[in-house]
Amino acid sequence: MPRWNTFLILLPVLVFQACNRPAPASRFPLEGQALAVRPAVSEVVVKHGDVPGLMPAMVMPFKVRDAASLNRVKAGDFVTATLVVAGNESWLEQLAPTGRHAPVPEDVALPHVVERPLEPGDEVPGVTLQDQDGAPFSPVALKGHPWAVTFIYTRCPLPTFCPAIDRRFAAVQRLLAADPGLADAKLVSVTMDPDYDRPPILRAHAQRLGADAARWRFVTGDKDTVDRFGERFGLMVVRGHGAPEEFVHSLRTAVVDRQGRLLRRFDDSSWDAEALVAALRTAAAR
């Protein structure tokens with residue numbers, strides 16, 4: 001029996017920054033059972049088998065652009081489709097029921113309906129998380145400050161991913177300390193591995209990086225809250241069975257102004273410390 005993973009993903013964004021990144025307009029056959037059909041958001045939730053070269057078996061929502069094909073599917077239908085991944089978008093084509101039907105399994109947790117990612121000018125939603133010292137954290141408390149947020153996990157094995165983001169935030173911290181105009185700017189690193197990265201782990205990680213707790217906080221919380229918060233910035237995480245080498249994730253870093261509104265989002269690792277500080281200066285002036 002395959003091991004099924006419930007994966008909360010922001011679609012149509014499906015960008016694999018680690019291994020198994022498909023080429024633009026790649027197509028993959030997909031088979032599984034429709035667990036929920038959501039015409040209002042052009043979405044179907046499918047419990048699917050392995051998609052070779054892309055991802056393991058899991059439960060996840062997919063966008064469907066053809067409303068007619070979506071309307072032909074009912075919850076419980078076994079379906080076939082073609083998963084299209086093109087740049088930063090993904091969707092199902094040729095979605096069709098196979099003629100087989102079974103009750104939706106009661107033991108499968110359906111992914112929530114994913115909200116759209118924030119656009120520049122949108123207010124960052126309030127959530128309740130906790131920092132490396134176990135103190136409550138909420139973006140609402142950062143109103144009045146310009147701040148930057150990124151997403152990492154302490155067990156990340158790839159030096160060009162989370163460790164590189166950590167190093168850049170450390171460089172940003174040094175630049176901020178030398179800039180009186182950004183004396184109140186803040187940095188926030190949110191873990192993508194909240195089951196492992198509890199406050200003591202994050203506190204030790206922060207100490208290794210030389211993080212100034214008054215400036216730079218490391219944040220964790222329950223997995224659903226962390227996932228929903230990350231999704232609003234376009235974050236994508238596949239955790240596999242939970243081993244650090246099985247994580248596949250996108251990279252997201254964002255800058256928020258003093259009013260708590262998204263100013264700019266960096267969707268990869270191409271930014272440098274100077275670029276982020278420049279965006280924080282713009283955020284500070286708003």
# chains A, B, ... in the order shown; residues from 1 in each chain; ligands from 1

$ residues_around --residues "region 117-119 of chain A" --least-positions-apart "4" --cutoff "8 Å" --atoms "only C-alpha atoms" --output "ChimeraX atom specification"
/A:123-124,231-234,262

$ write_last_selection --atoms "C-alpha atoms" --output "PDB file, in the first residue's frame"
ATOM      1  CA  GLU A 123      -2.142  43.649   4.279  1.00  0.00           C
ATOM      2  CA  VAL A 124      -0.263  40.719   5.782  1.00  0.00           C
ATOM      3  CA  GLU A 231       0.948  30.116   1.311  1.00  0.00           C
ATOM      4  CA  ARG A 232       0.017  33.799   1.451  1.00  0.00           C
ATOM      5  CA  PHE A 233       3.569  34.541   0.264  1.00  0.00           C
ATOM      6  CA  GLY A 234       3.453  31.850  -2.430  1.00  0.00           C
ATOM      7  CA  LEU A 262       3.326  43.717   1.362  1.00  0.00           C
TER       8      LEU A 262
END

$ residues_around --residues "region 102-104 of chain A" --least-positions-apart "4" --cutoff "9 Å" --atoms "only C-alpha atoms" --output "list of chain:residue names"
A:Gln33, A:Ala34, A:Leu35, A:Ala36, A:Ala75, A:Gly76, A:Asp77, A:Phe78, A:Val108

$ write_last_selection --atoms "C-alpha atoms" --output "PDB file, in the first residue's frame"
ATOM      1  CA  GLN A  33      -9.570   9.445  -6.817  1.00  0.00           C
ATOM      2  CA  ALA A  34     -11.343  12.793  -6.654  1.00  0.00           C
ATOM      3  CA  LEU A  35     -12.065  13.528  -3.012  1.00  0.00           C
ATOM      4  CA  ALA A  36     -13.676  16.941  -3.463  1.00  0.00           C
ATOM      5  CA  ALA A  75     -16.401  13.333  -5.348  1.00  0.00           C
ATOM      6  CA  GLY A  76     -15.526   9.638  -5.184  1.00  0.00           C
ATOM      7  CA  ASP A  77     -14.857   9.238  -8.919  1.00  0.00           C
ATOM      8  CA  PHE A  78     -11.585   7.678  -9.984  1.00  0.00           C
ATOM      9  CA  VAL A 108      -8.247  11.298   4.611  1.00  0.00           C
TER      10      VAL A 108
END

$ residues_around --residues "Asp268 (chain A)" --least-positions-apart "5" --cutoff "8 Å" --atoms "only C-alpha atoms" --output "VMD selection string"
chain A and resid 250 to 253

$ closest_atom_pairs --of "region 203-256 of chain A" --to "region 131-134 of chain A" --cutoff "7 Å" --atoms "only C-alpha atoms" --output "Markdown table"
| residue | atom | partner | partner_atom | distance |
| --- | --- | --- | --- | --- |
| A:Arg203 | CA | A:Gln132 | CA | 4.7 |
| A:Arg217 | CA | A:Asp131 | CA | 6.2 |
| A:Phe218 | CA | A:Asp131 | CA | 5.4 |
| A:Val219 | CA | A:Asp131 | CA | 4.3 |
| A:Thr220 | CA | A:Asp131 | CA | 6.2 |

$ closest_residue --among "A:Ala178, A:Ala109, A:Val84, A:Ile152" --to "Lys47 (chain A)" --atoms "only C-alpha atoms"
A:Ala109

$ closest_residue --among "A:Asp197, A:Ala214, A:Phe62, A:Ala164" --to "Ala177 (chain A)" --atoms "only C-alpha atoms"
A:Ala214

$ residues_around --residues "region 138-149 of chain A" --least-positions-apart "4" --cutoff "9 Å" --atoms "only C-alpha atoms" --output "number ranges by chain"
A: 124-130, 182, 184-190, 252-260, 276, 280-286

$ select_by_dssp --residues "region 32-102 of chain A" --states "helix (DSSP H, G or I)" --output "ChimeraX atom specification"
/A:39-41,67-71

$ closest_residue --among "A:Val45, A:Thr225, A:Ala278, A:Lys74" --to "Gly181 (chain A)" --atoms "only C-alpha atoms"
A:Ala278

$ closest_residue --among "A:Thr160, A:Gln94, A:Gln173, A:Ser270" --to "Val64 (chain A)" --atoms "only C-alpha atoms"
A:Gln94

$ closest_residue --among "A:Arg208, A:His48, A:Arg168, A:Arg38" --to "Ala81 (chain A)" --atoms "only C-alpha atoms"
A:His48

$ select_by_dssp --residues "region 111-194 of chain A" --states "strand (DSSP E)" --output "ChimeraX atom specification"
/A:129-131,136-137,147-152,186-191

$ atom_distance --atom1 "CA of Leu83 (chain A)" --atom2 "CA of His241 (chain A)"
22.6 Å

$ closest_residue --among "A:Met192, A:Ala170, A:Cys156, A:Val51" --to "Ala206 (chain A)" --atoms "only C-alpha atoms"
A:Ala170

$ residues_around --residues "Glu93 (chain A)" --least-positions-apart "2" --cutoff "10 Å" --atoms "only C-alpha atoms" --output "CSV table (one decimal) with N, CA and C atoms, in the first residue's frame"
chain,number,residue,atom,x,y,z
A,27,ARG,N,4.5,17.8,-19.0
A,27,ARG,CA,3.3,17.1,-18.8
A,27,ARG,C,3.5,15.8,-18.2
A,29,PRO,N,1.3,12.3,-16.6
A,29,PRO,CA,0.1,11.5,-16.4
A,29,PRO,C,-0.2,11.4,-15.0
A,30,LEU,N,-1.5,11.6,-14.6
A,30,LEU,CA,-1.9,11.5,-13.2
A,30,LEU,C,-3.2,10.7,-13.1
A,63,LYS,N,-5.7,23.0,-9.8
A,63,LYS,CA,-6.6,23.9,-10.6
A,63,LYS,C,-7.0,23.2,-11.9
A,64,VAL,N,-8.2,23.4,-12.4
A,64,VAL,CA,-8.7,22.9,-13.6
A,64,VAL,C,-9.3,24.1,-14.4
A,65,ARG,N,-8.7,24.3,-15.6
A,65,ARG,CA,-9.1,25.5,-16.4
A,65,ARG,C,-10.4,25.2,-17.2
A,66,ASP,N,-10.6,23.9,-17.5
A,66,ASP,CA,-11.8,23.6,-18.3
A,66,ASP,C,-12.9,23.3,-17.4
A,69,SER,N,-15.0,19.9,-18.0
A,69,SER,CA,-14.4,18.7,-17.5
A,69,SER,C,-14.5,18.6,-16.0
A,70,LEU,N,-14.4,19.7,-15.3
A,70,LEU,CA,-14.5,19.7,-13.9
A,70,LEU,C,-15.9,19.3,-13.5
A,80,THR,N,-8.6,10.2,-14.4
A,80,THR,CA,-7.3,10.3,-15.1
A,80,THR,C,-7.1,11.8,-15.5
A,81,ALA,N,-5.9,12.3,-15.7
A,81,ALA,CA,-5.7,13.6,-16.1
A,81,ALA,C,-4.2,13.8,-16.5
A,82,THR,N,-4.0,14.9,-17.1
A,82,THR,CA,-2.6,15.3,-17.4
A,82,THR,C,-2.3,16.5,-16.6
A,83,LEU,N,-1.2,16.4,-15.8
A,83,LEU,CA,-0.7,17.5,-15.0
A,83,LEU,C,0.2,18.3,-15.8
A,84,VAL,N,-0.1,19.6,-16.0
A,84,VAL,CA,0.8,20.5,-16.8
A,84,VAL,C,1.5,21.4,-15.8
A,90,SER,N,0.6,25.6,-12.8
A,90,SER,CA,0.3,24.2,-13.0
A,90,SER,C,-1.2,24.0,-13.0
A,91,TRP,N,-1.7,23.0,-13.7
A,91,TRP,CA,-3.1,22.8,-13.8
A,91,TRP,C,-3.3,21.4,-14.4
A,95,LEU,N,-9.0,16.1,-17.7
A,95,LEU,CA,-9.6,15.5,-16.5
A,95,LEU,C,-10.8,14.7,-16.9
A,96,ALA,N,-10.9,13.4,-16.5
A,96,ALA,CA,-12.0,12.6,-16.9
A,96,ALA,C,-12.2,11.5,-15.9
